[in-house]
2 protein chains.
Amino acid sequence: MNAIQEQDFYPSRYSTEDAISERKDPVVYGKAEDGPLTQNELDSYERDGFLFYPGFFGEEDLRAFKAELDRMCEEGRHSDADEVIREPGSDIVRSIFAVHESSKVFRTLASSAAIAGRAQQLLGDDVYVHQSRINYKPGFKGKEFYWHSDFETWHVEDGVPRMRMVSCAIWLTENNDVNGPVMFMPGSHKWFVHCSGGTPEDHYRQSLRKQEFGVPSNRSMAWLEERCGIVQPTGPAGSVVFFECNTMHGSNGNITPYPRSNAFFVFNSVRNAPRHAFGPKELRPHMLGSRDFTPVSQW
Amino acid sequence: MNAIQEQDFYPSRYSTEDAISERKDPVVYGKAEDGPLTQNELDSYERDGFLFYPGFFGEEDLRAFKAELDRMCEEGRHSDADEVIREPGSDIVRSIFAVHESSKVFRTLASSAAIAGRAQQLLGDDVYVHQSRINYKPGFKGKEFYWHSDFETWHVEDGVPRMRMVSCAIWLTENNDVNGPVMFMPGSHKWFVHCSGGTPEDHYRQSLRKQEFGVPSNRSMAWLEERCGIVQPTGPAGSVVFFECNTMHGSNGNITPYPRSNAFFVFNSVRNAPRHAFGPKELRPHMLGSRDFTPVSQW
């Protein structure tokens, strides 16, 4: 652990111009014989940086997830907790963090063989939850989420040393062509965009509402788009997408009446736990970058 | 003319809550035998409120349109003319108005049999250009355009008395699922949303950058969506869409690198020319609501 902590393998926000370099870590750490993912699925994840399962969860599971989502959003509306994030200039709940701690339903989901089992295989290790949240993205005024690599933030602001993380999004509403679904650049996880600029202390308080740092330049995005293109998976509620921590993604706004809610879990290898931030002096709070490295297998 | 000017058939922005009523005017005024549109096309326009022609213009025409677009946008970058509208907080050219007056290329296009001929048939009359513009919607930071009926503004702020207008958009770049293409609510032209609120004098100066008045409520949009749904035509550069002046439409933002440029012409029946605004005391300037009612057939 000490050795990899001493060096910053992915420096970012140090310079006035951004730059792109090759990824220094494996993408897939486990093997097909570990299961449940097949060699085809592992190859697809290795190539694209994500795996999409339309309609993964059925009606019964979905009803339970949605009931819990509604309950928590209603509770969140009247809450002052830091875990509850609102739309800019509004009381509408946008996200609730650390739901694997506050909700039994989502804790069970996060640690299930279907979800955590896939993460363990992709990362070839025991995993813990680095971050979890539910996103309640209402219709009409859904804001865009500009292109970003999650790893860039988790590295610089949370101190995660290497790319050995995977995110899992469980869609609780339909994602269609018009309600601003997530877009990926397939293969973009093979490069790292060293972003320009610095990181103000307490940046996270703003960044949860609007990103200003750790944002790739138009030039870098055009460079990646030329090599990767853009895909926008669509599917019914209950669809699941696993995506690599460094896959470039973002979403357009959403003026349609259709909400776009999801549950979101970030898994990190227990061997890749952070010790200190690479950017600001202080790590972000526990709800964003967990200090609890207990493997989900021991929950 | 006097009789229809005396009564406001579509009152809007008079009340604190919006309301929906049925359309009071025909949709299609002409007949199939007038040509060039077939009965099927007229029926489709009557039902949906728009007609979409993917790949209508070929390579040669497109090259000419795009060269003219580029020339005018470059010219516009250094211009102080009111006709040149920029993205909020930026120097990037968003739109240039009245291009049927300033550009020979776009004047010829507007008055062509392919474009004006269809408008004449749909409106069953000689037509003039109420408004024209080119929209240069660059990638990365393309702003959303919230749901609206064009007629609501053209009626309240420009004084067009009745629904006897048609818009034609000629796409100068590809519109795909991810670059924030226009969305329509098919059949929404059969209802009129009487919006809430008033119209400040000089509203147009703000509204070209950001809409705040003449905006339908979430409740009205949900009501229309339930009956109409949402469609988002996609297609290559050179595609053309004709849409009825009261068809509800809007577009999400665009964080992709793909620009979305188009040329846009609004035709009005010469029998439906405005005399006075129904909202503010003053009509909007000529570049937004033309005072030149010369039929394109006499250009």
# chains A, B, ... in the order shown; residues from 1 in each chain; ligands from 1

$ interface_residues --of "chain B" --to "chain A" --cutoff "12 Å" --atoms "only C-alpha atoms" --output "JSON, numbers by chain"
{"B": [138, 139, 140, 141, 142, 143, 144, 145, 146, 147, 148, 176, 177, 178, 179, 180, 181, 182, 183, 184, 185, 215, 216, 217, 218, 219, 220, 221, 222, 223, 224, 225, 226, 229, 230, 231, 232, 233, 234, 248, 249, 250, 251, 252, 253, 254, 255, 256, 257, 258, 259]}

$ write_last_selection --atoms "N, CA and C atoms" --output "compact mmCIF listing (two decimals), in the first residue's frame"
# COMPACT_ATOMS: atom_id res chain seq x y z
N PRO B 138 -23.76 25.50 -31.60
CA PRO B 138 -22.49 24.79 -31.45
C PRO B 138 -22.60 23.67 -30.42
N GLY B 139 -21.68 22.73 -30.49
CA GLY B 139 -21.66 21.64 -29.52
C GLY B 139 -21.14 22.10 -28.18
N PHE B 140 -21.01 21.14 -27.24
CA PHE B 140 -20.45 21.32 -25.90
C PHE B 140 -21.34 22.11 -24.95
N LYS B 141 -21.83 23.27 -25.42
CA LYS B 141 -22.56 24.15 -24.50
C LYS B 141 -23.90 24.57 -25.10
N GLY B 142 -24.47 23.77 -25.98
CA GLY B 142 -25.76 24.13 -26.57
C GLY B 142 -26.83 24.17 -25.49
N LYS B 143 -27.54 25.29 -25.43
CA LYS B 143 -28.55 25.46 -24.38
C LYS B 143 -29.88 24.81 -24.77
N GLU B 144 -30.60 24.40 -23.77
CA GLU B 144 -31.95 23.88 -24.01
C GLU B 144 -32.86 24.98 -24.56
N PHE B 145 -33.94 24.56 -25.23
CA PHE B 145 -35.00 25.49 -25.62
C PHE B 145 -36.29 24.89 -25.10
N TYR B 146 -36.86 25.52 -24.08
CA TYR B 146 -37.98 24.90 -23.38
C TYR B 146 -39.23 24.81 -24.28
N TRP B 147 -40.13 23.91 -23.93
CA TRP B 147 -41.38 23.70 -24.68
C TRP B 147 -42.10 25.02 -24.94
N HIS B 148 -42.57 25.18 -26.15
CA HIS B 148 -43.35 26.36 -26.49
C HIS B 148 -44.12 26.14 -27.79
N ASN B 176 -29.00 13.93 -34.43
CA ASN B 176 -29.02 12.54 -33.95
C ASN B 176 -29.60 12.49 -32.54
N ASP B 177 -29.61 11.29 -31.95
CA ASP B 177 -30.27 11.13 -30.66
C ASP B 177 -29.60 11.90 -29.53
N VAL B 178 -28.34 12.27 -29.74
CA VAL B 178 -27.60 12.84 -28.60
C VAL B 178 -27.29 14.33 -28.70
N ASN B 179 -27.54 14.96 -29.86
CA ASN B 179 -27.14 16.38 -29.93
C ASN B 179 -28.31 17.35 -29.76
N GLY B 180 -29.30 16.92 -28.99
CA GLY B 180 -30.36 17.84 -28.58
C GLY B 180 -31.26 18.28 -29.71
N PRO B 181 -31.73 17.34 -30.56
CA PRO B 181 -32.59 17.73 -31.67
C PRO B 181 -33.97 18.18 -31.19
N VAL B 182 -34.69 18.83 -32.08
CA VAL B 182 -36.03 19.32 -31.72
C VAL B 182 -36.95 18.13 -31.43
N MET B 183 -37.77 18.29 -30.40
CA MET B 183 -38.80 17.30 -30.04
C MET B 183 -40.17 17.93 -30.31
N PHE B 184 -41.09 17.12 -30.84
CA PHE B 184 -42.46 17.58 -31.07
C PHE B 184 -43.43 16.76 -30.23
N MET B 185 -44.55 17.36 -29.88
CA MET B 185 -45.68 16.61 -29.34
C MET B 185 -46.70 16.49 -30.46
N VAL B 215 -44.45 30.71 -21.27
CA VAL B 215 -43.96 29.35 -21.02
C VAL B 215 -45.09 28.52 -20.40
N PRO B 216 -45.46 27.41 -21.03
CA PRO B 216 -46.54 26.59 -20.46
C PRO B 216 -46.13 25.97 -19.13
N SER B 217 -47.11 25.74 -18.26
CA SER B 217 -46.84 25.14 -16.95
C SER B 217 -46.52 23.66 -17.08
N ASN B 218 -45.88 23.11 -16.04
CA ASN B 218 -45.63 21.67 -15.99
C ASN B 218 -46.95 20.90 -16.11
N ARG B 219 -47.98 21.43 -15.49
CA ARG B 219 -49.28 20.75 -15.53
C ARG B 219 -49.81 20.67 -16.96
N SER B 220 -49.72 21.77 -17.69
CA SER B 220 -50.17 21.75 -19.08
C SER B 220 -49.31 20.82 -19.95
N MET B 221 -48.01 20.83 -19.69
CA MET B 221 -47.13 19.98 -20.48
C MET B 221 -47.40 18.50 -20.20
N ALA B 222 -47.67 18.17 -18.95
CA ALA B 222 -47.98 16.78 -18.61
C ALA B 222 -49.31 16.37 -19.27
N TRP B 223 -50.27 17.31 -19.29
CA TRP B 223 -51.58 17.06 -19.91
C TRP B 223 -51.41 16.77 -21.41
N LEU B 224 -50.62 17.58 -22.07
CA LEU B 224 -50.39 17.39 -23.51
C LEU B 224 -49.60 16.11 -23.77
N GLU B 225 -48.58 15.86 -22.95
CA GLU B 225 -47.75 14.67 -23.17
C GLU B 225 -48.59 13.40 -23.08
N GLU B 226 -49.52 13.41 -22.12
CA GLU B 226 -50.38 12.23 -21.93
C GLU B 226 -51.18 11.92 -23.20
N GLY B 229 -47.75 12.32 -26.47
CA GLY B 229 -46.41 11.74 -26.46
C GLY B 229 -45.39 12.72 -27.01
N ILE B 230 -44.19 12.24 -27.19
CA ILE B 230 -43.09 13.07 -27.68
C ILE B 230 -42.36 12.31 -28.77
N VAL B 231 -42.10 12.96 -29.89
CA VAL B 231 -41.25 12.34 -30.91
C VAL B 231 -40.08 13.27 -31.21
N GLN B 232 -39.00 12.67 -31.61
CA GLN B 232 -37.76 13.39 -31.86
C GLN B 232 -37.20 12.90 -33.19
N PRO B 233 -37.61 13.53 -34.30
CA PRO B 233 -37.10 13.08 -35.60
C PRO B 233 -35.58 13.25 -35.66
N THR B 234 -34.92 12.27 -36.23
CA THR B 234 -33.48 12.37 -36.45
C THR B 234 -33.17 12.08 -37.92
N MET B 248 -46.51 22.07 -30.25
CA MET B 248 -45.64 22.23 -29.08
C MET B 248 -44.30 21.55 -29.36
N HIS B 249 -43.22 22.29 -29.16
CA HIS B 249 -41.89 21.73 -29.43
C HIS B 249 -40.86 22.36 -28.51
N GLY B 250 -39.71 21.74 -28.44
CA GLY B 250 -38.62 22.22 -27.60
C GLY B 250 -37.41 21.34 -27.84
N SER B 251 -36.30 21.67 -27.20
CA SER B 251 -35.12 20.82 -27.36
C SER B 251 -34.28 20.83 -26.09
N ASN B 252 -33.69 19.67 -25.79
CA ASN B 252 -32.78 19.58 -24.67
C ASN B 252 -31.46 20.26 -25.03
N GLY B 253 -30.62 20.45 -24.04
CA GLY B 253 -29.30 21.00 -24.30
C GLY B 253 -28.44 20.02 -25.09
N ASN B 254 -27.20 20.41 -25.33
CA ASN B 254 -26.32 19.58 -26.14
C ASN B 254 -24.87 19.69 -25.65
N ILE B 255 -24.43 18.68 -24.87
CA ILE B 255 -23.03 18.69 -24.40
C ILE B 255 -22.11 17.94 -25.36
N THR B 256 -22.66 17.32 -26.40
CA THR B 256 -21.80 16.58 -27.33
C THR B 256 -20.99 17.57 -28.18
N PRO B 257 -19.93 17.09 -28.82
CA PRO B 257 -19.16 17.98 -29.71
C PRO B 257 -19.90 18.30 -31.02
N TYR B 258 -21.05 17.65 -31.26
CA TYR B 258 -21.74 17.80 -32.55
C TYR B 258 -22.57 19.08 -32.59
N PRO B 259 -22.28 20.00 -33.53
CA PRO B 259 -23.13 21.18 -33.66
C PRO B 259 -24.48 20.80 -34.26

$ residues_around --residues "B:Asp61" --least-positions-apart "3" --cutoff "12 Å" --atoms "only C-alpha atoms" --output "number ranges by chain"
B: 55-58, 64-68, 105-106, 108-109, 170-172, 237-239

$ write_last_selection --atoms "all heavy atoms" --output "compact mmCIF listing (two decimals), in the first residue's frame"
# COMPACT_ATOMS: atom_id res chain seq x y z
N GLY B 55 -33.14 13.76 -45.30
CA GLY B 55 -32.28 13.85 -46.48
C GLY B 55 -32.94 14.51 -47.68
O GLY B 55 -32.73 14.09 -48.82
N PHE B 56 -33.73 15.53 -47.45
CA PHE B 56 -34.49 16.21 -48.52
C PHE B 56 -33.55 16.87 -49.53
O PHE B 56 -33.71 16.72 -50.73
CB PHE B 56 -35.41 17.25 -47.89
CG PHE B 56 -36.37 17.91 -48.83
CD1 PHE B 56 -37.58 17.31 -49.14
CD2 PHE B 56 -36.09 19.16 -49.39
CE1 PHE B 56 -38.49 17.93 -49.99
CE2 PHE B 56 -36.99 19.78 -50.23
CZ PHE B 56 -38.19 19.17 -50.54
N PHE B 57 -32.55 17.59 -49.04
CA PHE B 57 -31.58 18.25 -49.92
C PHE B 57 -30.32 17.41 -50.06
O PHE B 57 -29.87 16.79 -49.10
CB PHE B 57 -31.22 19.64 -49.39
CG PHE B 57 -32.30 20.66 -49.58
CD1 PHE B 57 -33.04 21.11 -48.48
CD2 PHE B 57 -32.60 21.16 -50.84
CE1 PHE B 57 -34.05 22.05 -48.65
CE2 PHE B 57 -33.61 22.10 -51.01
CZ PHE B 57 -34.34 22.54 -49.91
N GLY B 58 -29.75 17.39 -51.26
CA GLY B 58 -28.55 16.61 -51.54
C GLY B 58 -27.27 17.38 -51.27
O GLY B 58 -27.29 18.54 -50.84
N ALA B 64 -23.70 24.53 -50.62
CA ALA B 64 -23.98 25.96 -50.81
C ALA B 64 -24.57 26.59 -49.54
O ALA B 64 -24.17 27.67 -49.12
CB ALA B 64 -24.92 26.15 -51.99
N PHE B 65 -25.51 25.87 -48.92
CA PHE B 65 -26.13 26.41 -47.70
C PHE B 65 -25.10 26.56 -46.58
O PHE B 65 -25.07 27.56 -45.86
CB PHE B 65 -27.27 25.50 -47.20
CG PHE B 65 -28.37 25.24 -48.20
CD1 PHE B 65 -29.17 24.10 -48.09
CD2 PHE B 65 -28.63 26.15 -49.23
CE1 PHE B 65 -30.18 23.86 -49.00
CE2 PHE B 65 -29.65 25.91 -50.14
CZ PHE B 65 -30.42 24.75 -50.03
N LYS B 66 -24.25 25.52 -46.44
CA LYS B 66 -23.28 25.54 -45.34
C LYS B 66 -22.22 26.61 -45.54
O LYS B 66 -21.78 27.26 -44.59
CB LYS B 66 -22.61 24.18 -45.20
CG LYS B 66 -23.50 23.16 -44.49
CD LYS B 66 -22.88 21.79 -44.61
CE LYS B 66 -22.95 21.01 -43.33
NZ LYS B 66 -22.50 19.61 -43.54
N ALA B 67 -21.80 26.79 -46.80
CA ALA B 67 -20.81 27.83 -47.08
C ALA B 67 -21.39 29.19 -46.70
O ALA B 67 -20.71 30.03 -46.10
CB ALA B 67 -20.41 27.80 -48.55
N GLU B 68 -22.67 29.38 -47.02
CA GLU B 68 -23.32 30.65 -46.70
C GLU B 68 -23.49 30.80 -45.18
O GLU B 68 -23.29 31.87 -44.62
CB GLU B 68 -24.69 30.73 -47.41
CG GLU B 68 -25.46 32.01 -47.18
CD GLU B 68 -24.84 33.25 -47.85
OE1 GLU B 68 -23.71 33.14 -48.37
OE2 GLU B 68 -25.48 34.31 -47.82
N VAL B 105 -28.59 33.60 -51.01
CA VAL B 105 -28.72 32.14 -50.97
C VAL B 105 -29.98 31.73 -50.21
O VAL B 105 -30.79 30.91 -50.67
CB VAL B 105 -27.48 31.49 -50.31
CG1 VAL B 105 -27.71 30.00 -50.07
CG2 VAL B 105 -26.24 31.71 -51.17
N PHE B 106 -30.17 32.31 -49.02
CA PHE B 106 -31.31 31.90 -48.21
C PHE B 106 -32.63 32.51 -48.72
O PHE B 106 -33.70 31.93 -48.53
CB PHE B 106 -31.06 32.22 -46.73
CG PHE B 106 -30.00 31.31 -46.13
CD1 PHE B 106 -28.83 31.81 -45.57
CD2 PHE B 106 -30.17 29.92 -46.14
CE1 PHE B 106 -27.86 30.96 -45.04
CE2 PHE B 106 -29.21 29.07 -45.62
CZ PHE B 106 -28.05 29.59 -45.07
N THR B 108 -33.30 32.85 -51.92
CA THR B 108 -33.66 31.93 -53.01
C THR B 108 -34.26 30.64 -52.45
O THR B 108 -35.27 30.13 -52.96
CB THR B 108 -32.41 31.62 -53.87
OG1 THR B 108 -31.86 32.85 -54.33
CG2 THR B 108 -32.76 30.72 -55.03
N LEU B 109 -33.64 30.15 -51.39
CA LEU B 109 -34.14 28.92 -50.75
C LEU B 109 -35.55 29.12 -50.22
O LEU B 109 -36.45 28.30 -50.45
CB LEU B 109 -33.18 28.52 -49.63
CG LEU B 109 -33.57 27.33 -48.76
CD1 LEU B 109 -33.75 26.07 -49.59
CD2 LEU B 109 -32.51 27.10 -47.67
N ILE B 170 -34.61 23.69 -42.10
CA ILE B 170 -33.72 22.94 -42.99
C ILE B 170 -32.45 22.64 -42.20
O ILE B 170 -31.73 23.56 -41.81
CB ILE B 170 -33.41 23.75 -44.26
CG1 ILE B 170 -34.71 23.94 -45.05
CG2 ILE B 170 -32.36 23.04 -45.11
CD1 ILE B 170 -34.86 25.29 -45.67
N TRP B 171 -32.19 21.37 -41.94
CA TRP B 171 -31.06 20.99 -41.09
C TRP B 171 -29.76 21.06 -41.88
O TRP B 171 -29.62 20.43 -42.93
CB TRP B 171 -31.25 19.57 -40.55
CG TRP B 171 -32.46 19.43 -39.67
CD1 TRP B 171 -33.29 20.43 -39.24
CD2 TRP B 171 -32.99 18.22 -39.12
NE1 TRP B 171 -34.30 19.91 -38.45
CE2 TRP B 171 -34.12 18.56 -38.37
CE3 TRP B 171 -32.60 16.88 -39.19
CZ2 TRP B 171 -34.88 17.60 -37.69
CZ3 TRP B 171 -33.35 15.93 -38.52
CH2 TRP B 171 -34.48 16.29 -37.77
N LEU B 172 -28.81 21.78 -41.34
CA LEU B 172 -27.52 21.94 -42.03
C LEU B 172 -26.45 21.05 -41.40
O LEU B 172 -25.32 20.99 -41.89
CB LEU B 172 -27.12 23.41 -42.01
CG LEU B 172 -28.17 24.33 -42.67
CD1 LEU B 172 -27.75 25.78 -42.61
CD2 LEU B 172 -28.42 23.92 -44.12
N ALA B 237 -27.86 15.77 -42.32
CA ALA B 237 -27.90 17.15 -42.82
C ALA B 237 -28.67 17.15 -44.14
O ALA B 237 -28.59 16.20 -44.91
CB ALA B 237 -26.48 17.66 -43.03
N GLY B 238 -29.44 18.19 -44.36
CA GLY B 238 -30.25 18.26 -45.57
C GLY B 238 -31.69 17.83 -45.34
O GLY B 238 -32.53 17.97 -46.22
N SER B 239 -31.97 17.28 -44.15
CA SER B 239 -33.35 16.92 -43.83
C SER B 239 -34.17 18.19 -43.62
O SER B 239 -33.63 19.24 -43.26
CB SER B 239 -33.40 16.07 -42.55
OG SER B 239 -32.67 14.88 -42.72

$ closest_residue --among "B:Phe97, B:Trp299, B:Tyr29, B:Phe278" --to "B:Asp82" --atoms "only C-alpha atoms"
B:Phe97

$ atom_distance --atom1 "atom CA of A:Ala98" --atom2 "atom CA of A:Gly279"
22.8 Å

$ atom_distance --atom1 "atom CA of A:Asp150" --atom2 "atom CA of A:Val166"
9.8 Å

$ residues_around --residues "stretch 112-115 of chain B" --least-positions-apart "3" --cutoff "10 Å" --atoms "only C-alpha atoms" --output "ChimeraX atom specification"
/B:36,56-57,106-109,118-120,167-170,240,242,265,267,296-297

$ write_last_selection --atoms "N, CA, C and O atoms" --output "JSON list (two decimals), in the first residue's frame"
[["chain", "number", "residue", "atom", "x", "y", "z"],
["B", 36, "PRO", "N", -47.52, 20.62, -54.15],
["B", 36, "PRO", "CA", -46.90, 19.31, -54.42],
["B", 36, "PRO", "C", -47.20, 18.24, -53.37],
["B", 36, "PRO", "O", -46.88, 17.09, -53.60],
["B", 56, "PHE", "N", -33.73, 15.53, -47.45],
["B", 56, "PHE", "CA", -34.49, 16.21, -48.52],
["B", 56, "PHE", "C", -33.55, 16.87, -49.53],
["B", 56, "PHE", "O", -33.71, 16.72, -50.73],
["B", 57, "PHE", "N", -32.55, 17.59, -49.04],
["B", 57, "PHE", "CA", -31.58, 18.25, -49.92],
["B", 57, "PHE", "C", -30.32, 17.41, -50.06],
["B", 57, "PHE", "O", -29.87, 16.79, -49.10],
["B", 106, "PHE", "N", -30.17, 32.31, -49.02],
["B", 106, "PHE", "CA", -31.31, 31.90, -48.21],
["B", 106, "PHE", "C", -32.63, 32.51, -48.72],
["B", 106, "PHE", "O", -33.70, 31.93, -48.53],
["B", 107, "ARG", "N", -32.53, 33.67, -49.38],
["B", 107, "ARG", "CA", -33.73, 34.25, -50.01],
["B", 107, "ARG", "C", -34.24, 33.34, -51.13],
["B", 107, "ARG", "O", -35.43, 33.08, -51.24],
["B", 108, "THR", "N", -33.30, 32.85, -51.92],
["B", 108, "THR", "CA", -33.66, 31.93, -53.01],
["B", 108, "THR", "C", -34.26, 30.64, -52.45],
["B", 108, "THR", "O", -35.27, 30.13, -52.96],
["B", 109, "LEU", "N", -33.64, 30.15, -51.39],
["B", 109, "LEU", "CA", -34.14, 28.92, -50.75],
["B", 109, "LEU", "C", -35.55, 29.12, -50.22],
["B", 109, "LEU", "O", -36.45, 28.30, -50.45],
["B", 118, "ARG", "N", -44.71, 24.32, -50.76],
["B", 118, "ARG", "CA", -45.38, 23.51, -49.73],
["B", 118, "ARG", "C", -46.13, 24.40, -48.73],
["B", 118, "ARG", "O", -47.24, 24.08, -48.29],
["B", 119, "ALA", "N", -45.50, 25.51, -48.36],
["B", 119, "ALA", "CA", -46.15, 26.42, -47.42],
["B", 119, "ALA", "C", -47.44, 26.99, -48.03],
["B", 119, "ALA", "O", -48.48, 27.06, -47.36],
["B", 120, "GLN", "N", -47.38, 27.37, -49.30],
["B", 120, "GLN", "CA", -48.57, 27.91, -49.99],
["B", 120, "GLN", "C", -49.71, 26.90, -49.98],
["B", 120, "GLN", "O", -50.86, 27.23, -49.73],
["B", 167, "SER", "N", -43.87, 26.75, -40.21],
["B", 167, "SER", "CA", -42.43, 26.93, -40.15],
["B", 167, "SER", "C", -41.75, 25.83, -40.92],
["B", 167, "SER", "O", -42.23, 24.70, -40.98],
["B", 168, "CYS", "N", -40.61, 26.17, -41.49],
["B", 168, "CYS", "CA", -39.81, 25.18, -42.19],
["B", 168, "CYS", "C", -38.38, 25.26, -41.68],
["B", 168, "CYS", "O", -37.75, 26.32, -41.72],
["B", 169, "ALA", "N", -37.89, 24.13, -41.14],
["B", 169, "ALA", "CA", -36.50, 24.06, -40.68],
["B", 169, "ALA", "C", -35.72, 23.17, -41.63],
["B", 169, "ALA", "O", -36.13, 22.05, -41.93],
["B", 170, "ILE", "N", -34.61, 23.69, -42.10],
["B", 170, "ILE", "CA", -33.72, 22.94, -42.99],
["B", 170, "ILE", "C", -32.45, 22.64, -42.20],
["B", 170, "ILE", "O", -31.73, 23.56, -41.81],
["B", 240, "VAL", "N", -35.47, 18.07, -43.85],
["B", 240, "VAL", "CA", -36.35, 19.23, -43.74],
["B", 240, "VAL", "C", -37.58, 18.87, -42.92],
["B", 240, "VAL", "O", -38.13, 17.77, -43.07],
["B", 242, "PHE", "N", -41.36, 20.56, -41.83],
["B", 242, "PHE", "CA", -42.39, 21.61, -41.82],
["B", 242, "PHE", "C", -43.23, 21.40, -40.56],
["B", 242, "PHE", "O", -43.69, 20.28, -40.32],
["B", 265, "PHE", "N", -37.47, 29.18, -41.68],
["B", 265, "PHE", "CA", -38.33, 30.17, -42.34],
["B", 265, "PHE", "C", -39.76, 30.00, -41.83],
["B", 265, "PHE", "O", -40.27, 28.89, -41.78],
["B", 267, "PHE", "N", -43.61, 31.03, -42.58],
["B", 267, "PHE", "CA", -44.51, 31.58, -43.59],
["B", 267, "PHE", "C", -45.87, 31.89, -42.97],
["B", 267, "PHE", "O", -46.38, 31.11, -42.16],
["B", 296, "VAL", "N", -44.02, 35.87, -51.40],
["B", 296, "VAL", "CA", -42.77, 35.39, -52.00],
["B", 296, "VAL", "C", -42.96, 35.15, -53.50],
["B", 296, "VAL", "O", -42.00, 35.19, -54.25],
["B", 297, "SER", "N", -44.21, 34.92, -53.93],
["B", 297, "SER", "CA", -44.47, 34.71, -55.36],
["B", 297, "SER", "C", -44.17, 35.97, -56.16],
["B", 297, "SER", "O", -44.03, 35.91, -57.38]]
